[in-house]
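Written below as structure tokens is the structure these notes are about.
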Amino acid sequence: MTLRVPEVVRQAWGDEVIVEFVPWLEQTIEEKAAVQVEQAIADRAVPRDEYRQLLSRLEILEHDVADLKVDVRDLRSEMNGRFIDLERHFEMRFDQVNARFDQMNRHFETRLDEMNQRFGARFDEMNQRFEARFDEMNQRFEARFDEMNQRFGARFDEMNQRFEARFDQMNRHFETRFDEMNQRFEARFDEMNRHFETRLDQMNERMLVQTRWLIGTIALFGTIITVLMAIAQFTP
């Protein structure tokens with residue numbers, strides 16, 4: 001790069017001086033700059049032995065890095081293979097767990113169906129037994145009432161005939177006695193009706209209590225089965 005000389009210096013010194021001075025100045029500057037550059041390089045440069053040692057160390061480091069890359073690649077491939085095997089193992093285990101849950105669901109459904117059938121048959125049997133008992137009690141009450149009606153009717157007819165034949169004068173007295181007896185019989189019948197109604201109410205109450213106990217037992221079994229199913233679902 002040629003130095004640019006100011007116009008004032010050119011006019012003062014002349015062109016001949018400028019032509020001789022500028023190359024000399026450039027050469028001087030270049031020599032000083034070269035000396036300074038060499039000095040800086042000498043101050044900051046690494047000796048050849050140290051440079052060779054550094055190169056050897058770099059080569060060793062490069063070889064170690066290459067070996068490390070190979071090891072990392074091998075480790076990555078091995079880890080990928082192990083992850084694939086682990087994933088297959090987990091899928092197989094999940095399939096087994098799903099199959100186990102399906103089997104348990106089928107087992108519980110079968111047991112519930114059996115329990116429903118058993119409870120249904122038991123309820124039907126109890127209903128038939130209660131209906132048979134009620135029919136039997138009704139027949140017994142009707143037969144007993146018919147027998148009592150026949151007995152009282154025959155006795156009343158006999159007494160009426162005897163009283164009418166033998167005691168015509170005592171009709172009013174016997175009518176009064178018959179009224180009293182009718183009241184007593186009505187009271188007795190009312191008492192018997194109340195007694196039978198009380199017994200029927202007690203039987204109905206016992207049936208309701210047994211039904212409630214049975215419903216509570218069924219609800220308890222349902223709760224136990226639900227808890228067992230929840231435990232089975234969350235148990236590994």
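Please note that chains go A, B, ... in the order of the structure tokens, that every chain numbers its residues from 1, and that ligands are numbered from 1 in the order shown.
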Inset, instruction - Name all residues at most 12 Å from stretch 201-217 of chain A (count only C-alpha atoms; drop same-chain ones fewer than 2 positions away) and give them as JSON, numbers by chain. - result: {"A": [119, 120, 122, 123, 126, 127, 129, 130, 131, 133, 134, 137, 193, 194, 195, 196, 197, 198, 199, 219, 220, 221, 222, 223, 224]}
As a tab-separated table (two decimals) with N, CA and C atoms, in the first residue's frame, please: the residues near A:Asn160 (cut-off 12 Å, only C-alpha atoms, same-chain neighbours under 6 positions excluded).
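To be explicit, this is the file written out as result-v3.tsv:
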```tsv
chain	number	residue	atom	x	y	z
A	152	PHE	N	-123.29	-73.73	66.66
A	152	PHE	CA	-124.12	-72.72	67.31
A	152	PHE	C	-125.51	-72.65	66.67
A	153	GLY	N	-125.56	-72.85	65.34
A	153	GLY	CA	-126.88	-72.84	64.70
A	153	GLY	C	-127.75	-73.98	65.17
A	154	ALA	N	-127.14	-75.20	65.28
A	154	ALA	CA	-127.93	-76.34	65.76
A	154	ALA	C	-128.35	-76.15	67.20
A	166	ARG	N	-141.85	-75.38	75.59
A	166	ARG	CA	-142.05	-75.55	77.03
A	166	ARG	C	-142.27	-74.25	77.78
A	167	PHE	N	-141.70	-73.18	77.28
A	167	PHE	CA	-141.78	-71.94	78.06
A	167	PHE	C	-142.29	-70.80	77.18
A	168	ASP	N	-143.49	-70.87	76.76
A	168	ASP	CA	-144.06	-69.79	75.96
A	168	ASP	C	-144.16	-68.51	76.77
A	170	MET	N	-142.13	-67.54	79.00
A	170	MET	CA	-140.83	-66.97	79.36
A	170	MET	C	-140.07	-66.50	78.11
A	171	ASN	N	-140.82	-66.17	77.01
A	171	ASN	CA	-140.15	-65.73	75.78
A	171	ASN	C	-139.36	-64.44	75.99
A	174	PHE	N	-136.19	-65.24	77.95
A	174	PHE	CA	-135.18	-65.90	77.14
A	174	PHE	C	-134.65	-65.00	76.02
A	175	GLU	N	-135.55	-64.12	75.53
A	175	GLU	CA	-135.06	-63.18	74.51
A	175	GLU	C	-134.00	-62.25	75.10
A	178	PHE	N	-131.02	-64.34	75.39
A	178	PHE	CA	-130.41	-64.51	74.08
A	178	PHE	C	-129.67	-63.25	73.65
```
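Of note, atom CA of A:Glu91 and atom CA of A:His107 are spaced 24.0 Å apart.
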Legend entry - Separation of atom CA of A:Arg140 from atom CA of A:Phe189 in Å: 16.3 Å
